[in-house]
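Asker: What follows is query09.txt, made up of compact mmCIF, C-alpha atoms:
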# COMPACT_ATOMS: atom_id res chain seq x y z
CA MET A 1 117.71 95.99 105.88
CA SER A 2 116.74 92.32 105.94
CA ILE A 3 113.18 91.21 106.51
CA ASP A 4 114.31 89.51 109.75
CA GLN A 5 114.97 93.00 111.10
CA LEU A 6 111.50 93.97 109.90
CA ARG A 7 109.69 91.17 111.73
CA PHE A 8 107.91 92.68 114.69
CA GLY A 9 106.45 90.74 117.60
CA GLN A 10 108.82 87.89 118.42
CA GLY A 11 106.30 86.38 120.84
CA LYS A 12 105.44 89.62 122.65
CA LEU A 13 101.85 90.50 123.47
CA LYS A 14 102.29 93.92 121.94
CA ALA A 15 104.58 95.08 119.18
CA PRO A 16 104.61 98.69 117.98
CA LEU A 17 104.49 99.47 114.30
CA PRO A 18 107.79 100.65 112.82
CA VAL A 19 108.65 104.28 113.42
CA SER A 20 111.10 105.74 110.94
CA ASP A 21 111.73 108.81 108.84
CA LYS A 22 111.69 106.45 105.87
CA LEU A 23 108.70 104.28 104.94
CA THR A 24 109.57 100.60 105.02
CA SER A 25 108.15 97.12 104.50
CA TYR A 26 107.64 94.94 107.57
CA VAL A 27 106.18 91.70 108.90
CA LEU A 28 103.91 91.32 111.92
CA GLU A 29 103.37 88.18 113.94
CA ALA A 30 99.83 87.17 114.85
CA GLU A 31 97.97 89.47 117.27
CA GLN A 32 100.61 92.20 116.91
CA GLY A 33 100.30 95.83 116.00
CA GLU A 34 99.06 98.83 117.93
CA SER A 35 96.29 97.55 120.22
CA ILE A 36 93.72 100.03 121.53
CA PHE A 37 90.95 99.39 124.05
CA ILE A 38 87.95 101.72 124.10
CA PRO A 39 86.29 101.64 127.54
CA GLY A 40 82.73 100.39 127.32
CA ALA A 41 83.28 98.70 123.95
CA ASN A 42 84.11 95.10 125.08
CA ASN A 43 86.61 94.75 122.22
CA ILE A 44 89.98 95.96 121.05
CA THR A 45 91.00 97.63 117.84
CA ARG A 46 94.34 96.50 116.45
CA ILE A 47 96.07 98.74 113.93
CA LEU A 48 98.14 96.64 111.53
CA VAL A 49 99.02 99.45 109.14
CA SER A 50 98.61 103.10 110.07
CA GLY A 51 98.70 106.24 108.00
CA ASN A 52 102.25 106.75 109.27
CA GLN A 53 103.39 103.76 107.21
CA THR A 54 101.60 104.84 104.02
CA ASP A 55 101.76 108.64 103.92
CA ASN A 56 98.10 108.53 104.94
CA ILE A 57 97.07 106.66 101.81
CA PHE A 58 95.38 103.98 103.90
CA ALA A 59 95.36 102.06 107.16
CA VAL A 60 94.40 98.47 108.03
CA VAL A 61 92.63 97.73 111.29
CA GLY A 62 91.14 94.68 112.96
CA THR A 63 88.59 94.40 115.76
CA ARG A 64 88.24 91.45 118.11
CA GLY A 65 85.77 91.22 120.97
CA GLY A 66 82.57 89.96 122.53
CA HIS A 67 78.93 90.97 122.40
CA THR A 68 78.52 94.74 122.34
CA THR A 69 75.87 97.40 121.95
CA PRO A 70 75.63 98.99 118.49
CA VAL A 71 78.10 101.72 117.63
CA PRO A 72 76.27 105.08 117.40
CA PRO A 73 75.13 105.59 113.78
CA HIS A 74 77.40 107.93 111.86
CA HIS A 75 78.90 108.65 108.47
CA HIS A 76 82.22 109.88 107.10
CA LYS A 77 82.95 112.71 104.68
CA GLU A 78 86.01 111.01 103.15
CA ALA A 79 86.65 107.65 104.80
CA HIS A 80 85.51 104.49 103.04
CA ASP A 81 84.71 101.72 105.55
CA VAL A 82 84.68 98.00 104.85
CA PHE A 83 83.87 95.08 107.14
CA LEU A 84 85.15 91.54 106.54
CA CYS A 85 84.01 89.08 109.19
CA LEU A 86 86.77 86.61 110.08
CA GLN A 87 84.95 84.77 112.87
CA GLY A 88 81.79 85.02 114.92
CA LYS A 89 78.93 87.32 113.93
CA VAL A 90 78.81 91.05 113.26
CA LYS A 91 75.67 93.03 112.47
CA VAL A 92 76.21 95.88 109.98
CA TRP A 93 73.74 98.63 109.13
CA CYS A 94 74.13 100.82 106.05
CA GLY A 95 71.32 103.12 104.98
CA SER A 96 68.14 101.08 104.56
CA GLU A 97 69.96 97.74 104.67
CA CYS A 98 71.17 95.56 107.55
CA ARG A 99 72.92 92.20 107.43
CA LEU A 100 74.25 89.74 109.95
CA LEU A 101 77.78 89.02 108.72
CA GLU A 102 79.30 85.63 109.46
CA GLN A 103 82.76 84.27 108.61
CA GLY A 104 83.78 85.38 105.13
CA ASP A 105 80.92 87.85 104.60
CA PHE A 106 81.83 91.37 103.46
CA ALA A 107 80.28 94.85 103.55
CA SER A 108 81.37 98.03 101.78
CA VAL A 109 80.31 101.48 103.05
CA PRO A 110 81.49 104.38 100.87
CA PRO A 111 81.76 107.93 102.28
CA GLY A 112 78.51 109.72 103.05
CA ASN A 113 76.51 106.62 104.00
CA THR A 114 75.05 106.35 107.49
CA HIS A 115 76.13 103.11 109.12
CA SER A 116 76.66 101.25 112.37
CA PHE A 117 77.87 97.85 113.51
CA GLN A 118 77.49 95.52 116.47
CA ILE A 119 79.31 92.37 117.54
CA VAL A 120 76.59 89.85 118.39
CA SER A 121 78.54 86.75 119.46
CA ASN A 122 80.83 85.95 122.37
CA HIS A 123 84.01 86.04 120.27
CA SER A 124 84.08 87.76 116.91
CA GLU A 125 86.71 89.31 114.70
CA PHE A 126 86.48 91.51 111.65
CA THR A 127 88.98 93.52 109.66
CA GLY A 128 88.96 96.33 107.16
CA ILE A 129 90.79 99.10 105.40
CA ILE A 130 90.52 102.82 106.15
CA VAL A 131 90.93 105.07 103.11
CA PRO A 132 92.37 107.64 103.41
CA GLY A 133 94.69 106.83 106.30
CA GLY A 134 94.96 108.99 109.37
CA TRP A 135 91.36 108.52 110.49
CA GLU A 136 92.49 105.53 112.60
CA LYS A 137 93.96 108.05 115.09
CA PHE A 138 90.37 108.49 116.25
CA PHE A 139 90.63 105.18 118.11
CA SER A 140 93.62 106.42 120.10
CA GLN A 141 91.81 109.65 120.90
CA ILE A 142 88.87 107.84 122.53
CA GLY A 143 90.72 104.76 123.79
CA GLU A 144 93.90 103.65 125.51
CA PRO A 145 96.81 101.29 124.74
CA TYR A 146 96.22 97.65 125.63
CA ASP A 147 98.85 94.90 125.90
CA GLY A 148 96.79 91.76 126.48
CA PRO A 149 96.35 88.93 123.95
CA LEU A 150 92.59 89.41 123.47
CA TRP A 151 90.49 92.09 125.20
CA PRO A 152 89.65 93.09 128.81
CA SER A 153 86.21 91.53 129.17
CA SER A 154 86.04 92.43 132.88
CA ASP A 155 86.39 96.18 132.36
CA GLU A 156 83.15 97.82 133.54
CA ARG A 157 83.90 101.44 132.69
CA SER A 158 81.45 103.42 130.59
CA PHE A 159 82.13 104.82 127.16
CA ASN A 160 84.13 108.06 127.35
CA VAL A 161 81.61 110.48 125.87
CA PRO A 162 83.70 113.64 126.50
CA ALA A 163 86.66 112.10 124.63
CA PHE A 164 84.33 111.12 121.76
CA ILE A 165 82.94 114.66 121.49
CA GLY A 166 86.43 116.12 121.80
CA ALA A 167 87.74 113.95 118.96
CA ILE A 168 84.91 115.05 116.68
CA LYS A 169 85.43 118.70 117.54
CA GLY A 170 89.13 118.16 116.87
CA GLY A 171 88.40 117.24 113.25
CA ALA A 172 87.86 113.46 113.30
CA ASP A 173 85.95 112.36 110.21
CA VAL A 174 82.98 111.05 112.20
CA ILE A 175 79.60 112.75 111.82
CA PRO A 176 76.92 111.35 114.19
CA ASP A 177 73.49 110.61 112.70
CA ARG A 178 71.34 110.81 115.81
CA ASP A 179 68.01 110.41 113.98
CA PHE A 180 68.98 107.11 112.36
CA GLN A 181 66.87 104.25 113.74
CA LEU A 182 68.45 100.80 113.93
CA PHE A 183 66.41 97.81 112.76
CA GLU A 184 66.70 94.06 112.39
CA PRO A 185 68.66 92.46 109.51
CA ASN A 186 66.86 91.93 106.25
CA PRO A 187 66.25 88.15 106.07
CA ASP A 188 65.56 88.25 102.32
CA PRO A 189 66.96 91.41 100.74
CA ALA A 190 64.55 92.76 98.18
CA SER A 191 66.95 95.25 96.65
CA LYS A 192 69.45 92.85 95.11
CA PRO A 193 71.16 89.55 95.93
CA ASP A 194 74.37 89.71 97.96
CA ASN A 195 76.42 87.76 95.44
CA THR A 196 77.75 90.27 92.92
CA LEU A 197 80.07 93.26 92.78
CA PRO A 198 78.32 96.45 91.64
CA ASP A 199 79.57 98.26 88.55
CA LYS A 200 80.08 101.53 90.45
CA THR A 201 80.94 102.83 93.91
CA GLU A 202 77.90 102.22 96.11
CA PRO A 203 77.14 100.34 99.35
CA TYR A 204 76.87 96.57 99.04
CA PHE A 205 77.13 93.28 100.90
CA LEU A 206 78.84 90.16 99.58
CA LEU A 207 78.23 86.69 100.95
CA ARG A 208 81.12 84.30 101.51
CA GLU A 209 82.17 82.30 98.44
CA THR A 210 80.11 84.42 96.07
CA GLY A 211 81.16 87.04 93.58
CA PRO A 212 83.71 86.56 90.79
CA LYS A 213 86.51 83.99 90.96
CA TYR A 214 89.56 84.01 88.71
CA PHE A 215 91.87 80.99 88.35
CA LEU A 216 95.43 81.05 87.15
CA ALA A 217 98.06 78.31 87.56
CA ASN A 218 97.69 76.91 91.10
CA GLU A 219 95.87 79.91 92.59
CA CYS A 220 92.41 81.44 92.76
CA CYS A 221 91.68 85.15 93.29
CA SER A 222 88.30 86.33 94.56
CA PRO A 223 87.98 90.14 94.51
CA LEU A 224 85.86 91.54 97.36
CA ILE A 225 86.24 95.12 96.17
CA THR A 226 88.15 96.68 93.27
CA PRO A 227 88.87 100.27 92.20
CA VAL A 228 85.50 100.23 90.41
CA GLN A 229 83.70 99.96 93.77
CA SER A 230 86.10 102.25 95.70
CA HIS A 231 86.32 105.44 93.62
CA GLY A 232 89.62 104.15 92.18
CA LYS A 233 91.34 104.10 95.56
CA PHE A 234 91.87 100.49 96.71
CA ALA A 235 91.21 96.79 96.23
CA ILE A 236 90.81 93.78 98.51
CA SER A 237 90.97 90.17 97.35
CA VAL A 238 91.02 86.70 98.82
CA LEU A 239 93.85 84.64 97.34
CA GLU A 240 93.90 80.84 97.60
CA GLY A 241 96.65 78.46 96.53
CA SER A 242 98.31 75.09 96.99
CA ASN A 243 101.85 73.76 96.83
CA GLU A 244 100.51 70.36 95.76
CA ILE A 245 99.12 71.55 92.43
CA THR A 246 102.02 71.46 90.01
CA GLY A 247 102.50 74.28 87.57
CA LYS A 248 104.14 77.67 87.28
CA ARG A 249 102.62 81.12 87.30
CA PRO A 250 103.47 83.44 84.41
CA TRP A 251 105.35 85.62 86.90
CA ASP A 252 107.85 84.98 89.68
CA ARG A 253 108.47 88.42 91.16
CA LEU A 254 106.11 91.38 91.45
CA THR A 255 106.65 95.09 91.95
CA PHE A 256 103.72 97.44 92.50
CA THR A 257 105.45 100.71 91.70
CA LYS A 258 102.77 103.04 93.10
CA THR A 259 100.60 100.73 95.19
CA HIS A 260 101.21 99.52 98.74
CA ILE A 261 100.33 95.86 99.40
CA PHE A 262 99.24 94.23 102.65
CA PHE A 263 99.12 90.44 103.09
CA ARG A 264 97.29 88.72 105.92
CA VAL A 265 97.36 84.92 106.01
CA LEU A 266 94.02 83.35 106.95
CA GLU A 267 94.80 79.66 106.50
CA GLY A 268 97.88 77.55 105.78
CA LYS A 269 101.28 79.06 104.99
CA VAL A 270 102.61 81.68 102.58
CA ALA A 271 106.34 82.05 101.89
CA LEU A 272 107.32 85.65 101.22
CA THR A 273 110.53 87.30 100.09
CA ILE A 274 110.89 91.07 99.94
CA SER A 275 113.57 92.84 97.89
CA GLY A 276 114.35 89.58 96.06
CA ARG A 277 116.76 88.16 98.64
CA GLU A 278 116.44 84.41 98.93
CA ASN A 279 117.97 84.31 102.40
CA ASP A 280 115.29 86.72 103.63
CA GLN A 281 112.37 84.40 102.92
CA GLN A 282 109.78 84.31 105.69
CA VAL A 283 107.00 81.76 106.05
CA LEU A 284 103.85 83.46 107.30
CA THR A 285 101.23 81.38 109.08
CA ALA A 286 97.60 82.08 109.95
CA GLY A 287 97.19 85.47 111.60
CA GLU A 288 100.56 86.82 110.45
CA SER A 289 100.79 89.70 108.03
CA ALA A 290 103.17 91.73 105.91
CA PHE A 291 103.15 95.29 104.62
CA ILE A 292 104.98 95.72 101.31
CA LEU A 293 105.94 99.26 100.43
CA ALA A 294 105.19 100.49 96.91
CA GLY A 295 108.27 99.93 94.78
CA ASP A 296 109.60 96.98 96.81
CA ARG A 297 109.97 93.83 94.72
CA PHE A 298 108.60 90.67 96.30
CA GLN A 299 108.00 86.99 95.70
CA TYR A 300 105.38 84.78 97.29
CA HIS A 301 104.15 81.21 97.04
CA PHE A 302 101.84 79.01 99.04
CA ALA A 303 103.86 76.70 101.28
CA SER A 304 101.06 74.35 102.33
CA ALA A 305 98.60 71.97 100.69
CA TYR A 306 95.99 74.70 101.00
CA GLY A 307 96.40 78.32 101.92
CA LYS A 308 94.29 81.45 101.95
CA ALA A 309 95.35 85.08 102.31
CA LEU A 310 93.79 88.53 102.23
CA ILE A 311 95.47 91.00 99.88
CA PHE A 312 94.87 94.71 100.42
CA ALA A 313 96.12 97.25 97.87
CA ALA A 314 95.98 101.06 97.92
CA GLY A 315 97.84 103.91 96.29
CA GLY A 316 98.26 104.80 92.65
CA ALA A 317 95.15 103.71 90.78
CA GLY A 318 94.28 101.24 93.55
CA ASN A 319 95.04 98.17 91.43
CA GLY A 320 95.97 95.08 93.41
CA ILE A 321 96.87 91.52 92.55
CA GLU A 322 93.35 90.98 91.24
CA THR A 323 94.41 92.99 88.17
CA LEU A 324 96.68 90.15 87.05
CA PHE A 325 94.08 87.45 87.62
CA VAL A 326 91.25 89.35 85.95
CA GLY A 327 93.44 90.15 82.95
CA ALA A 328 95.27 86.84 82.49
CA GLY A 329 93.21 84.30 84.44
CA VAL A 330 90.08 82.28 83.74
CA ARG A 331 86.81 83.23 85.41
CA LYS A 332 84.98 80.29 86.99
CA ASP A 333 82.40 81.52 89.48
CA GLY A 334 81.34 78.94 92.05
CA HIS A 335 84.34 76.68 91.43
CA VAL A 336 86.94 75.69 94.02
CA LEU A 337 90.70 75.33 93.73
CA GLU A 338 91.37 71.81 92.49
CA LYS A 339 93.78 71.73 89.55
CA TYR A 340 96.21 73.75 87.48
CA VAL A 341 94.52 76.26 85.18
CA ASP A 342 96.20 77.68 82.09
CA GLY A 343 95.63 81.39 81.80
CA ALA A 344 96.08 83.80 78.94
CA GLU A 345 99.75 84.50 79.54
CA SER A 346 99.87 86.52 76.34
CA LYS A 347 97.60 89.11 77.99
CA LEU A 348 99.91 89.62 80.95
CA ALA A 349 102.13 92.16 79.20
CA GLU A 350 99.05 94.12 78.15
CA VAL A 351 97.71 94.09 81.71
CA THR A 352 100.96 95.24 83.32
CA LYS A 353 101.53 97.93 80.70
CA ALA A 354 98.19 99.49 81.61
CA SER A 355 98.87 99.36 85.36
CA ASP A 356 101.66 100.13 87.82
CA ILE A 357 102.65 96.45 88.13
CA GLU A 358 105.96 95.02 86.99
CA THR A 359 106.48 91.27 86.67
CA ALA A 360 109.57 89.14 86.27
Mind converting the file's structure to structure tokens?
Answerer:
Amino acid sequence: MSIDQLRFGQGKLKAPLPVSDKLTSYVLEAEQGESIFIPGANNITRILVSGNQTDNIFAVVGTRGGHTTPVPPHHHKEAHDVFLCLQGKVKVWCGSECRLLEQGDFASVPPGNTHSFQIVSNHSEFTGIIVPGGWEKFFSQIGEPYDGPLWPSSDERSFNVPAFIGAIKGGADVIPDRDFQLFEPNPDPASKPDNTLPDKTEPYFLLRETGPKYFLANECCSPLITPVQSHGKFAISVLEGSNEITGKRPWDRLTFTKTHIFFRVLEGKVALTISGRENDQQVLTAGESAFILAGDRFQYHFASAYGKALIFAAGGAGNGIETLFVGAGVRKDGHVLEKYVDGAESKLAEVTKASDIETA
């Protein structure tokens, strides 16, 4: 099947995710996926990858909306929540910490940690991964399908409490924490600065443009979370690149044999080929995304002077593209993409041998 047949959307306001007895790679146009409106929430949840596409290994969801009241505090037994603010402002509580996330800020909430969130601007968007997959069905249980481009800001219905209680009684991994008291964001966190990745799985916040940066050829990889911070289950990185910086990566094609990959373009253009067919190349622009099934070979390159993409990875040992950059790239925290950087190509074979990644 060609990737053209796997491109969903085609200008429609709503495009369902692929339904098949066989898992498959696919491409989504901007603002596509399964859109769900929860009455009383003033936002929509858009499912870009569901557990049906990954054998419940993970799901990817996005939320877009206006100012809301805080979500009732709760925790999960198994699900690991993350919040990456793409625009606007989102307040996130986790345990004794609270932050006001702005564009590019990130929060990680492992299982067992009481948390809540609130959109606090007129138009905000955030995205995240749900591990394990399947928990995203909760949104359908308490909401309803929506086929508009943004969200129904004029809907005045109240939150469906009976549906919420019914979903929890039905086994949804949501445990309310009614005694948790919300509080204002910490203006100057005393616990630790929000600019590093912890060396174990624990809650943390990461400010935009902080944390480690790894440069290789004409690209820069900034891990937001790795298997070290996710109990070995998944990774998320920001990948930047340019087609105006000359040079060649030490790989052309990649195959993650046990790990599913999800691309979402944030800025510029990314050219993508799945299954190694040149005539199937697709150029993804901002807001478009692609799910690449574990075992499917793919090629990518930045097709603009500057581009930025989110790369989610889950399955196997949870190693994503950051594995290649950490192992064969050059760490330069605080730097920006500006020139070709020679990496340690000799280490690439060692890195791939120890992971489920094949390069060509």
Asker: Kindly indicate which residue among A:Cys98, A:Ile57, A:Ala107, A:Ile321 lies nearest to A:Leu216, using all atoms listed in the file for the distances.
Answerer: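 Under the stated criterion, the closest residue is A:Ile321.
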Asker: Please determine, counting only C-alpha atoms, which residue among A:Gly268, A:Thr201, A:Arg99, A:Thr257 has the shortest atom-to-atom distance to A:Asn186.
Answerer: A:Arg99
Asker: Would you mind telling me which residue in A:His67, A:Arg157, A:Lys169, A:Arg208 lies nearest to A:Cys85 when using all atoms listed in the file?
Answerer: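 So, comparing all the options, the nearest one is A:Arg208.
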Asker: What's the 7 Å shell around A:Asn113, counting all atoms listed in the file, without same-chain residues fewer than 6 positions away, as a PDB file with C-alpha atoms, in the frame of the given file?
Answerer:
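File around_26.pdb, as written:
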ATOM      1  CA  HIS A  75      78.900 108.650 108.470  1.00  0.00           C
ATOM      2  CA  CYS A  94      74.130 100.820 106.050  1.00  0.00           C
ATOM      3  CA  GLY A  95      71.320 103.120 104.980  1.00  0.00           C
TER       4      GLY A  95
END
Asker: What does the structure give for the distance between atom CA of A:Ser153 and atom CA of A:Ser121, in Å to one decimal?
Answerer: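 Atom-to-atom, atom CA of A:Ser153 to atom CA of A:Ser121, that is 13.3 Å.
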Asker: If I put a ball of radius 12 Å at (79.5, 91.2, 106.2) in the file's coordinates, which residues poke into it when counting all atoms listed in the file, written as a ChimeraX atom specification?
Answerer: /A:81-94,97-109,117-119,125-128,185,194-195,203-208,224
Asker: Could you pull the residues within 6 Å of stretch 240-244 of chain A, counting all atoms listed in the file, minus those fewer than 3 positions along the same chain, as a PyMOL selection string?
Answerer: chain A and resi 218-220+302-308
Asker: Can you tell me which residues surround A:Glu156 at a distance of at most 10 Å, considering only C-alpha atoms, apart from same-chain residues fewer than 2 positions away, and format the answer as a PyMOL selection string?
Answerer: chain A and resi 39-42+152-154+158-159
Asker: Could you please determine the separation between atom CA of A:Asp199 and atom CA of A:Ile311 in Å, to one decimal place?
Answerer: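 Result for atom CA of A:Asp199 versus atom CA of A:Ile311: 20.8 Å, one decimal.
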Asker: Identify, on the basis of all atoms listed in the file, every residue whose closest approach to A:Ser237 does not exceed 7 Å; exclude the query and any residue fewer than 3 positions from it along the same chain; express the result as a list in words.
Answerer: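 The residues satisfying every condition are Cys221, Ser222, Pro223, Leu224, Ile225, Leu310, Ile311, Phe312 and Glu322 of chain A.
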Asker: Would you write out those residues with C-alpha atoms, as a short mmCIF file (atom, residue, chain, number, x, y, z; two decimals), in the frame of the given file?
Answerer:
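Produced file out39.cif, reproduced below:
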data_model
loop_
_atom_site.label_atom_id
_atom_site.label_comp_id
_atom_site.auth_asym_id
_atom_site.auth_seq_id
_atom_site.Cartn_x
_atom_site.Cartn_y
_atom_site.Cartn_z
CA CYS A 221 91.68 85.15 93.29
CA SER A 222 88.30 86.33 94.56
CA PRO A 223 87.98 90.14 94.51
CA LEU A 224 85.86 91.54 97.36
CA ILE A 225 86.24 95.12 96.17
CA LEU A 310 93.79 88.53 102.23
CA ILE A 311 95.47 91.00 99.88
CA PHE A 312 94.87 94.71 100.42
CA GLU A 322 93.35 90.98 91.24
#
Asker: With only C-alpha atoms as the atoms that count, which of A:Gly171, A:Gly318, A:Pro111, A:Pro149 lies nearest to A:Lys137?
Answerer: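 Of all the options, A:Gly171 lies closest to A:Lys137.
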Asker: Report, in Å with one decimal, the straight-line distance from atom CA of A:Glu78 to atom CA of A:Val120.
Answerer: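 That distance, rounded to one decimal, is 27.7 Å.
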Asker: What lies within 9 Å of A:Val326 using all atoms listed in the file, ignoring chain neighbours under 2 positions off, as a ChimeraX atom specification?
Answerer: /A:213-215,221,321-324,328-331
Asker: Find, counting all atoms listed in the file, the residue in A:Ala79, A:Ile36, A:Ala317, A:Val49 that gets nearest to A:Leu17.
Answerer: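 So, comparing all the options, the nearest one is A:Val49.
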Asker: Which residue out of A:Gln141, A:Ser355, A:Asn319, A:Thr68 has the minimum interatomic distance to A:Pro227 when all atoms listed in the file are used?
Answerer: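 Among the listed residues, A:Asn319 lies closest to A:Pro227.
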